[in-house]
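Everything below belongs to model_28.pdb, which stores PDB, C-alpha atoms and all ligand atoms.
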ATOM      1  CA  MET Z   1      67.819 165.563 172.048  1.00  0.00           C
ATOM      2  CA  ASP Z   2      71.099 164.832 170.339  1.00  0.00           C
ATOM      3  CA  TYR Z   3      71.692 168.596 170.073  1.00  0.00           C
ATOM      4  CA  PHE Z   4      71.670 168.752 173.846  1.00  0.00           C
ATOM      5  CA  ARG Z   5      74.300 166.002 174.094  1.00  0.00           C
ATOM      6  CA  ILE Z   6      76.386 167.557 171.326  1.00  0.00           C
ATOM      7  CA  ILE Z   7      76.359 170.976 172.961  1.00  0.00           C
ATOM      8  CA  HIS Z   8      77.316 169.586 176.355  1.00  0.00           C
ATOM      9  CA  ASN Z   9      80.093 167.614 174.680  1.00  0.00           C
ATOM     10  CA  ASP Z  10      81.330 170.830 173.078  1.00  0.00           C
ATOM     11  CA  TYR Z  11      81.447 172.542 176.461  1.00  0.00           C
ATOM     12  CA  LYS Z  12      83.428 169.646 177.960  1.00  0.00           C
ATOM     13  CA  LYS Z  13      85.736 169.533 174.934  1.00  0.00           C
ATOM     14  CA  ARG Z  14      86.611 173.203 175.335  1.00  0.00           C
ATOM     15  CA  LEU Z  15      87.161 172.951 179.080  1.00  0.00           C
ATOM     16  CA  ILE Z  16      89.421 169.907 178.614  1.00  0.00           C
ATOM     17  CA  LYS Z  17      91.347 171.527 175.768  1.00  0.00           C
ATOM     18  CA  GLN Z  18      91.960 174.714 177.771  1.00  0.00           C
ATOM     19  CA  ASN Z  19      93.046 172.972 180.962  1.00  0.00           C
ATOM     20  CA  CYS Z  20      94.423 169.494 180.262  1.00  0.00           C
ATOM     21  CA  TYR Z  21      97.077 169.945 177.544  1.00  0.00           C
ATOM     22  CA  LEU Z  22     100.159 167.918 178.626  1.00  0.00           C
ATOM     23  CA  LYS Z  23      98.685 167.560 182.127  1.00  0.00           C
ATOM     24  CA  ASN Z  24      98.126 164.637 184.485  1.00  0.00           C
ATOM     25  CA  VAL Z  25      94.392 164.403 185.047  1.00  0.00           C
ATOM     26  CA  LEU Z  26      92.102 162.558 187.470  1.00  0.00           C
ATOM     27  CA  ASP Z  27      88.544 162.269 186.107  1.00  0.00           C
ATOM     28  CA  LEU Z  28      86.079 161.343 188.872  1.00  0.00           C
ATOM     29  CA  GLY Z  29      82.777 159.764 187.797  1.00  0.00           C
ATOM     30  CA  SER Z  30      84.011 159.133 184.293  1.00  0.00           C
ATOM     31  CA  GLY Z  31      81.025 156.996 183.251  1.00  0.00           C
ATOM     32  CA  LYS Z  32      81.718 154.895 180.153  1.00  0.00           C
ATOM     33  CA  ALA Z  33      84.788 157.007 179.299  1.00  0.00           C
ATOM     34  CA  GLY Z  34      82.822 158.984 176.738  1.00  0.00           C
ATOM     35  CA  ASP Z  35      85.361 161.786 177.148  1.00  0.00           C
ATOM     36  CA  ILE Z  36      88.451 159.703 176.363  1.00  0.00           C
ATOM     37  CA  HIS Z  37      88.730 161.128 172.824  1.00  0.00           C
ATOM     38  CA  LYS Z  38      88.593 164.641 174.217  1.00  0.00           C
ATOM     39  CA  TYR Z  39      91.546 163.888 176.484  1.00  0.00           C
ATOM     40  CA  ARG Z  40      93.434 162.227 173.658  1.00  0.00           C
ATOM     41  CA  ASP Z  41      92.793 165.106 171.262  1.00  0.00           C
ATOM     42  CA  SER Z  42      93.935 167.588 173.924  1.00  0.00           C
ATOM     43  CA  PHE Z  43      97.251 165.719 174.271  1.00  0.00           C
ATOM     44  CA  VAL Z  44      96.778 164.893 177.909  1.00  0.00           C
ATOM     45  CA  ASN Z  45      99.938 163.420 179.455  1.00  0.00           C
ATOM     46  CA  TRP Z  46      98.061 160.885 181.612  1.00  0.00           C
ATOM     47  CA  VAL Z  47      94.474 160.367 182.716  1.00  0.00           C
ATOM     48  CA  THR Z  48      93.207 158.286 185.642  1.00  0.00           C
ATOM     49  CA  LEU Z  49      89.489 157.513 185.415  1.00  0.00           C
ATOM     50  CA  VAL Z  50      87.387 156.595 188.447  1.00  0.00           C
ATOM     51  CA  GLU Z  51      83.896 155.129 188.105  1.00  0.00           C
ATOM     52  CA  PRO Z  52      81.839 153.113 190.647  1.00  0.00           C
ATOM     53  CA  ASN Z  53      79.505 151.350 188.192  1.00  0.00           C
ATOM     54  CA  PRO Z  54      81.205 148.069 187.119  1.00  0.00           C
ATOM     55  CA  ASP Z  55      79.233 147.838 183.874  1.00  0.00           C
ATOM     56  CA  TYR Z  56      80.365 151.332 182.891  1.00  0.00           C
ATOM     57  CA  VAL Z  57      83.955 150.414 183.758  1.00  0.00           C
ATOM     58  CA  LYS Z  58      83.759 147.408 181.445  1.00  0.00           C
ATOM     59  CA  GLU Z  59      82.485 149.537 178.574  1.00  0.00           C
ATOM     60  CA  ALA Z  60      85.080 152.203 179.385  1.00  0.00           C
ATOM     61  CA  ARG Z  61      87.939 149.663 179.130  1.00  0.00           C
ATOM     62  CA  HIS Z  62      86.706 148.782 175.668  1.00  0.00           C
ATOM     63  CA  ARG Z  63      86.583 152.458 174.618  1.00  0.00           C
ATOM     64  CA  ILE Z  64      90.030 153.166 176.065  1.00  0.00           C
ATOM     65  CA  ALA Z  65      91.464 150.329 173.982  1.00  0.00           C
ATOM     66  CA  LEU Z  66      89.609 151.440 170.834  1.00  0.00           C
ATOM     67  CA  SER Z  67      90.943 154.976 171.169  1.00  0.00           C
ATOM     68  CA  ASN Z  68      94.518 153.734 171.651  1.00  0.00           C
ATOM     69  CA  MET Z  69      94.759 155.368 175.056  1.00  0.00           C
ATOM     70  CA  ASP Z  70      95.916 152.261 177.003  1.00  0.00           C
ATOM     71  CA  GLN Z  71      99.398 153.716 177.393  1.00  0.00           C
ATOM     72  CA  PHE Z  72      98.106 156.982 178.784  1.00  0.00           C
ATOM     73  CA  CYS Z  73      95.113 155.979 180.856  1.00  0.00           C
ATOM     74  CA  LYS Z  74      94.005 153.703 183.677  1.00  0.00           C
ATOM     75  CA  ILE Z  75      90.475 153.192 184.996  1.00  0.00           C
ATOM     76  CA  HIS Z  76      89.617 152.226 188.589  1.00  0.00           C
ATOM     77  CA  ASN Z  77      86.311 150.778 189.728  1.00  0.00           C
ATOM     78  CA  ALA Z  78      85.777 152.963 192.798  1.00  0.00           C
ATOM     79  CA  SER Z  79      83.734 155.837 194.082  1.00  0.00           C
ATOM     80  CA  ALA Z  80      85.236 159.300 193.886  1.00  0.00           C
ATOM     81  CA  GLU Z  81      85.111 159.937 197.635  1.00  0.00           C
ATOM     82  CA  ASP Z  82      86.973 156.671 198.471  1.00  0.00           C
ATOM     83  CA  PHE Z  83      89.496 156.509 195.643  1.00  0.00           C
ATOM     84  CA  ARG Z  84      93.095 157.000 196.753  1.00  0.00           C
ATOM     85  CA  ASP Z  85      96.409 156.817 194.940  1.00  0.00           C
ATOM     86  CA  ASN Z  86      99.761 158.319 195.802  1.00  0.00           C
ATOM     87  CA  PHE Z  87      99.922 160.600 192.830  1.00  0.00           C
ATOM     88  CA  LYS Z  88      99.364 164.357 192.806  1.00  0.00           C
ATOM     89  CA  TYR Z  89      97.531 165.586 189.713  1.00  0.00           C
ATOM     90  CA  ASP Z  90      97.566 168.878 187.798  1.00  0.00           C
ATOM     91  CA  VAL Z  91      93.829 168.647 187.175  1.00  0.00           C
ATOM     92  CA  VAL Z  92      90.877 166.862 188.797  1.00  0.00           C
ATOM     93  CA  SER Z  93      87.793 166.874 186.577  1.00  0.00           C
ATOM     94  CA  MET Z  94      84.157 166.050 187.326  1.00  0.00           C
ATOM     95  CA  PHE Z  95      81.611 166.305 184.564  1.00  0.00           C
ATOM     96  CA  PHE Z  96      77.927 166.089 185.556  1.00  0.00           C
ATOM     97  CA  VAL Z  97      78.646 164.170 188.772  1.00  0.00           C
ATOM     98  CA  LEU Z  98      78.377 166.646 191.673  1.00  0.00           C
ATOM     99  CA  SER Z  99      74.597 166.228 191.942  1.00  0.00           C
ATOM    100  CA  PHE Z 100      75.193 162.730 193.368  1.00  0.00           C
ATOM    101  CA  PHE Z 101      77.068 164.255 196.340  1.00  0.00           C
ATOM    102  CA  PHE Z 102      74.512 166.696 197.677  1.00  0.00           C
ATOM    103  CA  ASP Z 103      72.598 164.047 199.643  1.00  0.00           C
ATOM    104  CA  ASN Z 104      74.372 165.153 202.820  1.00  0.00           C
ATOM    105  CA  GLU Z 105      77.220 167.432 203.853  1.00  0.00           C
ATOM    106  CA  GLU Z 106      79.522 164.607 204.989  1.00  0.00           C
ATOM    107  CA  HIS Z 107      79.384 163.064 201.530  1.00  0.00           C
ATOM    108  CA  LEU Z 108      80.334 166.274 199.735  1.00  0.00           C
ATOM    109  CA  ASP Z 109      82.960 167.092 202.362  1.00  0.00           C
ATOM    110  CA  LYS Z 110      84.610 163.689 201.911  1.00  0.00           C
ATOM    111  CA  LEU Z 111      84.652 164.154 198.152  1.00  0.00           C
ATOM    112  CA  ILE Z 112      86.144 167.666 198.176  1.00  0.00           C
ATOM    113  CA  LYS Z 113      88.747 166.675 200.769  1.00  0.00           C
ATOM    114  CA  ASN Z 114      89.776 163.879 198.418  1.00  0.00           C
ATOM    115  CA  VAL Z 115      89.815 166.190 195.379  1.00  0.00           C
ATOM    116  CA  SER Z 116      92.120 168.572 197.234  1.00  0.00           C
ATOM    117  CA  TYR Z 117      94.333 165.698 198.459  1.00  0.00           C
ATOM    118  CA  HIS Z 118      94.964 164.575 194.866  1.00  0.00           C
ATOM    119  CA  LEU Z 119      95.792 168.047 193.535  1.00  0.00           C
ATOM    120  CA  LYS Z 120      99.215 169.672 193.373  1.00  0.00           C
ATOM    121  CA  ASN Z 121      99.497 173.226 194.647  1.00  0.00           C
ATOM    122  CA  ASN Z 122      97.996 175.504 191.976  1.00  0.00           C
ATOM    123  CA  GLY Z 123      96.303 172.468 190.456  1.00  0.00           C
ATOM    124  CA  LYS Z 124      92.778 172.903 189.103  1.00  0.00           C
ATOM    125  CA  PHE Z 125      89.456 171.297 189.951  1.00  0.00           C
ATOM    126  CA  ILE Z 126      87.353 171.685 186.786  1.00  0.00           C
ATOM    127  CA  GLY Z 127      83.879 170.539 185.889  1.00  0.00           C
ATOM    128  CA  THR Z 128      80.335 170.982 184.770  1.00  0.00           C
ATOM    129  CA  THR Z 129      77.210 170.615 186.848  1.00  0.00           C
ATOM    130  CA  ILE Z 130      73.527 171.289 187.029  1.00  0.00           C
ATOM    131  CA  THR Z 131      72.909 173.950 189.707  1.00  0.00           C
ATOM    132  CA  ALA Z 132      69.933 174.941 191.805  1.00  0.00           C
ATOM    133  CA  GLU Z 133      69.971 178.700 191.208  1.00  0.00           C
ATOM    134  CA  LYS Z 134      67.710 178.954 188.158  1.00  0.00           C
ATOM    135  CA  LEU Z 135      65.920 175.689 188.761  1.00  0.00           C
ATOM    136  CA  VAL Z 136      64.541 176.281 192.246  1.00  0.00           C
ATOM    137  CA  PRO Z 137      62.122 179.135 191.419  1.00  0.00           C
ATOM    138  CA  LEU Z 138      60.691 177.021 188.589  1.00  0.00           C
ATOM    139  CA  ILE Z 139      60.129 173.783 190.497  1.00  0.00           C
ATOM    140  CA  GLN Z 140      59.194 175.307 193.852  1.00  0.00           C
ATOM    141  CA  ASN Z 141      55.480 174.957 193.092  1.00  0.00           C
ATOM    142  CA  ASN Z 142      55.251 172.861 189.934  1.00  0.00           C
ATOM    143  CA  ASP Z 143      57.175 170.073 188.263  1.00  0.00           C
ATOM    144  CA  ILE Z 144      58.656 170.750 184.846  1.00  0.00           C
ATOM    145  CA  ASP Z 145      57.435 168.341 182.222  1.00  0.00           C
ATOM    146  CA  ASN Z 146      57.778 168.930 178.494  1.00  0.00           C
ATOM    147  CA  GLU Z 147      58.490 167.025 175.300  1.00  0.00           C
ATOM    148  CA  PHE Z 148      62.218 166.929 176.044  1.00  0.00           C
ATOM    149  CA  PHE Z 149      62.705 166.492 179.769  1.00  0.00           C
ATOM    150  CA  SER Z 150      61.044 166.397 183.140  1.00  0.00           C
ATOM    151  CA  ILE Z 151      62.292 167.496 186.544  1.00  0.00           C
ATOM    152  CA  LYS Z 152      60.258 166.570 189.577  1.00  0.00           C
ATOM    153  CA  LYS Z 153      60.906 167.715 193.104  1.00  0.00           C
ATOM    154  CA  GLU Z 154      60.920 164.745 195.505  1.00  0.00           C
ATOM    155  CA  SER Z 155      61.329 166.651 198.772  1.00  0.00           C
ATOM    156  CA  ASP Z 156      60.902 170.144 200.194  1.00  0.00           C
ATOM    157  CA  LEU Z 157      63.485 172.558 198.853  1.00  0.00           C
ATOM    158  CA  THR Z 158      65.589 173.735 201.783  1.00  0.00           C
ATOM    159  CA  HIS Z 159      68.605 175.408 200.130  1.00  0.00           C
ATOM    160  CA  SER Z 160      70.672 172.722 201.793  1.00  0.00           C
ATOM    161  CA  TYR Z 161      71.683 169.094 201.354  1.00  0.00           C
ATOM    162  CA  GLY Z 162      69.180 166.371 200.533  1.00  0.00           C
ATOM    163  CA  ASP Z 163      66.950 168.371 198.180  1.00  0.00           C
ATOM    164  CA  LYS Z 164      66.000 165.443 196.026  1.00  0.00           C
ATOM    165  CA  ILE Z 165      64.816 165.615 192.409  1.00  0.00           C
ATOM    166  CA  THR Z 166      64.109 163.095 189.695  1.00  0.00           C
ATOM    167  CA  PHE Z 167      65.368 164.029 186.309  1.00  0.00           C
ATOM    168  CA  ASN Z 168      64.370 162.440 183.026  1.00  0.00           C
ATOM    169  CA  LEU Z 169      65.938 163.295 179.703  1.00  0.00           C
ATOM    170  CA  LYS Z 170      63.336 161.965 177.286  1.00  0.00           C
ATOM    171  CA  GLY Z 171      64.386 160.181 174.116  1.00  0.00           C
ATOM    172  CA  SER Z 172      68.031 160.045 175.121  1.00  0.00           C
ATOM    173  CA  GLN Z 173      69.918 156.881 174.222  1.00  0.00           C
ATOM    174  CA  THR Z 174      71.833 156.830 177.483  1.00  0.00           C
ATOM    175  CA  ALA Z 175      69.909 158.583 180.212  1.00  0.00           C
ATOM    176  CA  GLN Z 176      67.076 157.124 182.194  1.00  0.00           C
ATOM    177  CA  THR Z 177      65.149 158.617 185.071  1.00  0.00           C
ATOM    178  CA  GLN Z 178      67.729 159.503 187.682  1.00  0.00           C
ATOM    179  CA  THR Z 179      67.468 160.563 191.270  1.00  0.00           C
ATOM    180  CA  GLU Z 180      69.872 163.370 192.069  1.00  0.00           C
ATOM    181  CA  TYR Z 181      70.224 166.213 194.536  1.00  0.00           C
ATOM    182  CA  LEU Z 182      70.161 169.926 193.889  1.00  0.00           C
ATOM    183  CA  VAL Z 183      73.636 171.440 193.745  1.00  0.00           C
ATOM    184  CA  TYR Z 184      73.794 174.718 195.675  1.00  0.00           C
ATOM    185  CA  PHE Z 185      76.899 176.401 194.376  1.00  0.00           C
ATOM    186  CA  ASP Z 186      77.424 178.552 197.490  1.00  0.00           C
ATOM    187  CA  LEU Z 187      77.600 175.364 199.602  1.00  0.00           C
ATOM    188  CA  LEU Z 188      80.071 173.827 197.149  1.00  0.00           C
ATOM    189  CA  GLU Z 189      82.215 176.942 197.291  1.00  0.00           C
ATOM    190  CA  LYS Z 190      82.202 176.932 201.096  1.00  0.00           C
ATOM    191  CA  ILE Z 191      83.444 173.340 201.320  1.00  0.00           C
ATOM    192  CA  CYS Z 192      85.986 173.908 198.543  1.00  0.00           C
ATOM    193  CA  ASN Z 193      87.366 176.903 200.481  1.00  0.00           C
ATOM    194  CA  LYS Z 194      87.699 174.694 203.561  1.00  0.00           C
ATOM    195  CA  TYR Z 195      90.107 172.502 201.538  1.00  0.00           C
ATOM    196  CA  SER Z 196      92.052 175.409 199.967  1.00  0.00           C
ATOM    197  CA  LEU Z 197      90.194 175.342 196.664  1.00  0.00           C
ATOM    198  CA  VAL Z 198      89.359 178.844 195.471  1.00  0.00           C
ATOM    199  CA  LEU Z 199      86.832 179.596 192.736  1.00  0.00           C
ATOM    200  CA  THR Z 200      88.586 181.254 189.803  1.00  0.00           C
ATOM    201  CA  TYR Z 201      85.954 180.823 187.081  1.00  0.00           C
ATOM    202  CA  LYS Z 202      82.257 180.067 186.807  1.00  0.00           C
ATOM    203  CA  LYS Z 203      80.042 180.431 183.780  1.00  0.00           C
ATOM    204  CA  CYS Z 204      76.427 179.440 183.299  1.00  0.00           C
ATOM    205  CA  TYR Z 205      75.525 178.048 179.936  1.00  0.00           C
ATOM    206  CA  GLU Z 206      73.989 180.415 177.458  1.00  0.00           C
ATOM    207  CA  SER Z 207      71.148 179.881 175.039  1.00  0.00           C
ATOM    208  CA  ASN Z 208      71.878 178.524 171.641  1.00  0.00           C
ATOM    209  CA  SER Z 209      69.839 179.427 168.588  1.00  0.00           C
ATOM    210  CA  LYS Z 210      69.970 175.811 167.364  1.00  0.00           C
ATOM    211  CA  LEU Z 211      68.026 174.593 170.382  1.00  0.00           C
ATOM    212  CA  PRO Z 212      64.281 174.660 170.995  1.00  0.00           C
ATOM    213  CA  ASP Z 213      63.178 176.828 173.957  1.00  0.00           C
ATOM    214  CA  GLU Z 214      62.757 173.828 176.249  1.00  0.00           C
ATOM    215  CA  LEU Z 215      66.350 172.694 175.721  1.00  0.00           C
ATOM    216  CA  ASN Z 216      67.633 176.239 176.157  1.00  0.00           C
ATOM    217  CA  LEU Z 217      65.802 176.255 179.447  1.00  0.00           C
ATOM    218  CA  LEU Z 218      67.430 172.964 180.434  1.00  0.00           C
ATOM    219  CA  THR Z 219      70.861 174.190 179.325  1.00  0.00           C
ATOM    220  CA  SER Z 220      70.446 177.328 181.447  1.00  0.00           C
ATOM    221  CA  PHE Z 221      70.440 175.150 184.586  1.00  0.00           C
ATOM    222  CA  TYR Z 222      74.053 174.089 183.937  1.00  0.00           C
ATOM    223  CA  CYS Z 223      77.365 175.778 184.544  1.00  0.00           C
ATOM    224  CA  GLU Z 224      81.080 175.104 184.284  1.00  0.00           C
ATOM    225  CA  PHE Z 225      83.603 175.935 186.974  1.00  0.00           C
ATOM    226  CA  ILE Z 226      87.280 176.019 187.858  1.00  0.00           C
ATOM    227  CA  PHE Z 227      88.636 176.002 191.408  1.00  0.00           C
ATOM    228  CA  GLN Z 228      92.365 176.344 192.014  1.00  0.00           C
ATOM    229  CA  LYS Z 229      94.312 174.863 194.914  1.00  0.00           C
ATOM    230  CA  LYS Z 230      96.103 177.665 196.761  1.00  0.00           C
TER     231      LYS Z 230
HETATM  232  C1  LIG X   1      75.796 161.769 184.267  1.00  0.00           C
HETATM  233  S1  LIG X   1      77.061 160.598 184.412  1.00  0.00           S
HETATM  234  C2  LIG X   1      78.465 161.517 183.805  1.00  0.00           C
HETATM  235  C3  LIG X   1      79.544 160.646 183.246  1.00  0.00           C
HETATM  236  C4  LIG X   1      80.710 161.403 182.617  1.00  0.00           C
HETATM  237  N1  LIG X   1      81.400 162.223 183.589  1.00  0.00           N
HETATM  238  C5  LIG X   1      80.244 162.254 181.467  1.00  0.00           C
HETATM  239  O1  LIG X   1      80.298 163.482 181.514  1.00  0.00           O
HETATM  240  O2  LIG X   1      79.804 161.662 180.462  1.00  0.00           O
HETATM  241  C6  LIG X   1      77.323 160.542 186.150  1.00  0.00           C
HETATM  242  C7  LIG X   1      78.339 159.504 186.563  1.00  0.00           C
HETATM  243  O3  LIG X   1      78.637 159.679 187.957  1.00  0.00           O
HETATM  244  C8  LIG X   1      78.843 158.405 188.496  1.00  0.00           C
HETATM  245  N2  LIG X   1      78.758 158.446 189.976  1.00  0.00           N
HETATM  246  C9  LIG X   1      77.677 158.380 190.773  1.00  0.00           C
HETATM  247  N3  LIG X   1      78.051 158.378 192.067  1.00  0.00           N
HETATM  248  C10 LIG X   1      79.403 158.484 192.077  1.00  0.00           C
HETATM  249  C11 LIG X   1      80.395 158.487 193.103  1.00  0.00           C
HETATM  250  N4  LIG X   1      80.053 158.417 194.392  1.00  0.00           N
HETATM  251  N5  LIG X   1      81.704 158.541 192.747  1.00  0.00           N
HETATM  252  C12 LIG X   1      82.052 158.623 191.435  1.00  0.00           C
HETATM  253  N6  LIG X   1      81.167 158.608 190.430  1.00  0.00           N
HETATM  254  C13 LIG X   1      79.856 158.535 190.740  1.00  0.00           C
HETATM  255  C14 LIG X   1      77.769 157.559 187.842  1.00  0.00           C
HETATM  256  O4  LIG X   1      78.053 156.168 187.965  1.00  0.00           O
HETATM  257  C15 LIG X   1      77.856 158.069 186.412  1.00  0.00           C
HETATM  258  O5  LIG X   1      78.789 157.351 185.667  1.00  0.00           O
END
Can you present the structure in this file as structure tokens?
Amino acid sequence: MDYFRIIHNDYKKRLIKQNCYLKNVLDLGSGKAGDIHKYRDSFVNWVTLVEPNPDYVKEARHRIALSNMDQFCKIHNASAEDFRDNFKYDVVSMFFVLSFFFDNEEHLDKLIKNVSYHLKNNGKFIGTTITAEKLVPLIQNNDIDNEFFSIKKESDLTHSYGDKITFNLKGSQTAQTQTEYLVYFDLLEKICNKYSLVLTYKKCYESNSKLPDELNLLTSFYCEFIFQKK
């Protein structure tokens, strides 16, 4: 299972390195600030972290201090859709968070409006997410349950908002069973376009020879993306 975490960390590291060098960044849903080293090692100019879970924020503050990023980073205990500051950022990042916003259209709309508000013109909205495309045909009739993970459909799949799943990464130190919503990328793109965010890059994760088939399958459900504010 650690391979899975390591590979996803590598993907994030590369995306941060390519897009955040000397930039001002807003990271929405930053968790326990597990990516703070990646920002530091990419010579970010400034990073604002936003995370609604107070326990994660506490742990994040500790990590920020340990990585000597206090001078370059501030964390806010808030949800991404409600957070507001008067700063315009070069980059807004969201890593593995969008699936919490597909419960209904208003929720995603509020988020993307806020992402766009915080971006400068030509600024980038970057991230990684699980997506529905490859997952839906597999869970339409049966749950997926193997040694490494399980994904269970909790509602009818409608190719719209509110398609609920429970996801369990077995044996992981951090993850528990989580309820999330399927991310339909075409719906994301539509709302992004409404707020002047244009898709410039999208790549689904490829298989890796170091991973067992089950984890390659899981990895294939994820993609990375860049939208640019026009
Ligand atoms: C899978 S974790 C990802 C954390 C981090 N981005 C990473 O890649 O390690 C998802 C995070 O999204 C956060 N989250 C859930 N709902 C959110 C919301 N409405 N606004 C911001 N973050 C949210 C959770 O608290 C959690 O920390």
(message) Given all atoms listed in the file as the basis, pick out the residue of Z:Phe167, Z:Phe185, Z:Phe100, Z:Trp46 nearest to Lys74 in chain Z.
(response)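 Of Z:Phe167, Z:Phe185, Z:Phe100, Z:Trp46, the one nearest Lys74 in chain Z, counting all atoms listed in the file, is Z:Trp46.
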(message) Using the chain letters and numbers from this file, what does the PyMOL selection byres (((chain Z and resi 29) around 12) and not hetatm) select? Give the answer as a PyMOL selection string.
(response) chain Z and resi 26-28+30-35+48-54+56-57+60+75-83+92-101+111+127-128
Writing out the chosen residues with C-alpha atoms as a PDB file, keeping the file's coordinate frame:
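File written: again_23.pdb
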ATOM      1  CA  LEU Z  26      92.102 162.558 187.470  1.00  0.00           C
ATOM      2  CA  ASP Z  27      88.544 162.269 186.107  1.00  0.00           C
ATOM      3  CA  LEU Z  28      86.079 161.343 188.872  1.00  0.00           C
ATOM      4  CA  SER Z  30      84.011 159.133 184.293  1.00  0.00           C
ATOM      5  CA  GLY Z  31      81.025 156.996 183.251  1.00  0.00           C
ATOM      6  CA  LYS Z  32      81.718 154.895 180.153  1.00  0.00           C
ATOM      7  CA  ALA Z  33      84.788 157.007 179.299  1.00  0.00           C
ATOM      8  CA  GLY Z  34      82.822 158.984 176.738  1.00  0.00           C
ATOM      9  CA  ASP Z  35      85.361 161.786 177.148  1.00  0.00           C
ATOM     10  CA  THR Z  48      93.207 158.286 185.642  1.00  0.00           C
ATOM     11  CA  LEU Z  49      89.489 157.513 185.415  1.00  0.00           C
ATOM     12  CA  VAL Z  50      87.387 156.595 188.447  1.00  0.00           C
ATOM     13  CA  GLU Z  51      83.896 155.129 188.105  1.00  0.00           C
ATOM     14  CA  PRO Z  52      81.839 153.113 190.647  1.00  0.00           C
ATOM     15  CA  ASN Z  53      79.505 151.350 188.192  1.00  0.00           C
ATOM     16  CA  PRO Z  54      81.205 148.069 187.119  1.00  0.00           C
ATOM     17  CA  TYR Z  56      80.365 151.332 182.891  1.00  0.00           C
ATOM     18  CA  VAL Z  57      83.955 150.414 183.758  1.00  0.00           C
ATOM     19  CA  ALA Z  60      85.080 152.203 179.385  1.00  0.00           C
ATOM     20  CA  ILE Z  75      90.475 153.192 184.996  1.00  0.00           C
ATOM     21  CA  HIS Z  76      89.617 152.226 188.589  1.00  0.00           C
ATOM     22  CA  ASN Z  77      86.311 150.778 189.728  1.00  0.00           C
ATOM     23  CA  ALA Z  78      85.777 152.963 192.798  1.00  0.00           C
ATOM     24  CA  SER Z  79      83.734 155.837 194.082  1.00  0.00           C
ATOM     25  CA  ALA Z  80      85.236 159.300 193.886  1.00  0.00           C
ATOM     26  CA  GLU Z  81      85.111 159.937 197.635  1.00  0.00           C
ATOM     27  CA  ASP Z  82      86.973 156.671 198.471  1.00  0.00           C
ATOM     28  CA  PHE Z  83      89.496 156.509 195.643  1.00  0.00           C
ATOM     29  CA  VAL Z  92      90.877 166.862 188.797  1.00  0.00           C
ATOM     30  CA  SER Z  93      87.793 166.874 186.577  1.00  0.00           C
ATOM     31  CA  MET Z  94      84.157 166.050 187.326  1.00  0.00           C
ATOM     32  CA  PHE Z  95      81.611 166.305 184.564  1.00  0.00           C
ATOM     33  CA  PHE Z  96      77.927 166.089 185.556  1.00  0.00           C
ATOM     34  CA  VAL Z  97      78.646 164.170 188.772  1.00  0.00           C
ATOM     35  CA  LEU Z  98      78.377 166.646 191.673  1.00  0.00           C
ATOM     36  CA  SER Z  99      74.597 166.228 191.942  1.00  0.00           C
ATOM     37  CA  PHE Z 100      75.193 162.730 193.368  1.00  0.00           C
ATOM     38  CA  PHE Z 101      77.068 164.255 196.340  1.00  0.00           C
ATOM     39  CA  LEU Z 111      84.652 164.154 198.152  1.00  0.00           C
ATOM     40  CA  GLY Z 127      83.879 170.539 185.889  1.00  0.00           C
ATOM     41  CA  THR Z 128      80.335 170.982 184.770  1.00  0.00           C
TER      42      THR Z 128
END
Six-sided padding of 4 Å per side, axis-aligned box over ligand LIG 1 (chain X), centre and edges in Å, one decimal, as JSON:
{"center_x": 78.9, "center_y": 159.8, "center_z": 187.4, "size_x": 14.3, "size_y": 15.3, "size_z": 21.9}
(message) Could you list, as a list in words, every residue within 7 Å of range 123-125 of chain Z, counting only C-alpha atoms and ignoring same-chain residues fewer than 5 positions away?
(response)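 The filter keeps Asp90, Val91, Val92, Ser93, Ile226, Phe227, Gln228 and Lys229 of chain Z.
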(message) What's the separation between CA of Ile130 in chain Z and CA of Phe225 in chain Z, in Å to one decimal place?
(response) 11.1 Å
Can you translate the PyMOL selection byres (((chain Z and resi 86) around 12) and not hetatm) into the concrete residues it hits in this file, as a short mmCIF file (atom, residue, chain, number, x, y, z; two decimals) with C-alpha atoms, in the coordinates of the input?
data_model
loop_
_atom_site.label_atom_id
_atom_site.label_comp_id
_atom_site.auth_asym_id
_atom_site.auth_seq_id
_atom_site.Cartn_x
_atom_site.Cartn_y
_atom_site.Cartn_z
CA PHE Z 83 89.50 156.51 195.64
CA ARG Z 84 93.10 157.00 196.75
CA ASP Z 85 96.41 156.82 194.94
CA PHE Z 87 99.92 160.60 192.83
CA LYS Z 88 99.36 164.36 192.81
CA TYR Z 89 97.53 165.59 189.71
CA ASN Z 114 89.78 163.88 198.42
CA TYR Z 117 94.33 165.70 198.46
CA HIS Z 118 94.96 164.58 194.87
CA LEU Z 119 95.79 168.05 193.54
CA LYS Z 120 99.22 169.67 193.37
#
(request) Pick out the residues sitting within 12 Å of Tyr205 in chain Z, and hand them over as a VMD selection string; count all atoms listed in the file, and ignore anything fewer than 3 positions along from it in its own chain. (result) chain Z and resid 4 7 to 8 10 to 12 128 to 131 134 202 208 215 to 225
(request) State, in Å with one decimal place, the distance from atom N1 of ligand LIG 1 (chain X) to CA of Ile112 in chain Z. (result) 16.3 Å
(request) Choose the residue, out of Z:Asp55, Z:Glu214, Z:Asp109, Z:Glu133, that has the smallest atom-to-atom separation from Tyr195 in chain Z; count only C-alpha atoms. (result)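 Smallest separation from Tyr195 in chain Z among the options: Z:Asp109.
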(request) Give as a PyMOL selection string the residues that the PyMOL selection byres (((chain Z and resi 42) around 12) and not hetatm) matches when applied to the coordinates above. (result) chain Z and resi 12-25+35-41+43-47
(message) Between CA of Lys152 in chain Z and CA of Ile139 in chain Z, what is the distance in Å, rounded to a tenth?
(response) 7.3 Å
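Among the candidates Z:Ser207, Z:Asn168, Z:Asn146, Z:Ser196, the one nearest to ligand LIG 1 (chain X) when counting all atoms listed in the file is Z:Asn168.
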(request) Pick out the closest residue to ligand LIG 1 (chain X) from this set: Z:Ala132, Z:Ile165, Z:Leu108, Z:Leu187. Count all atoms listed in the file. (result) Z:Leu108
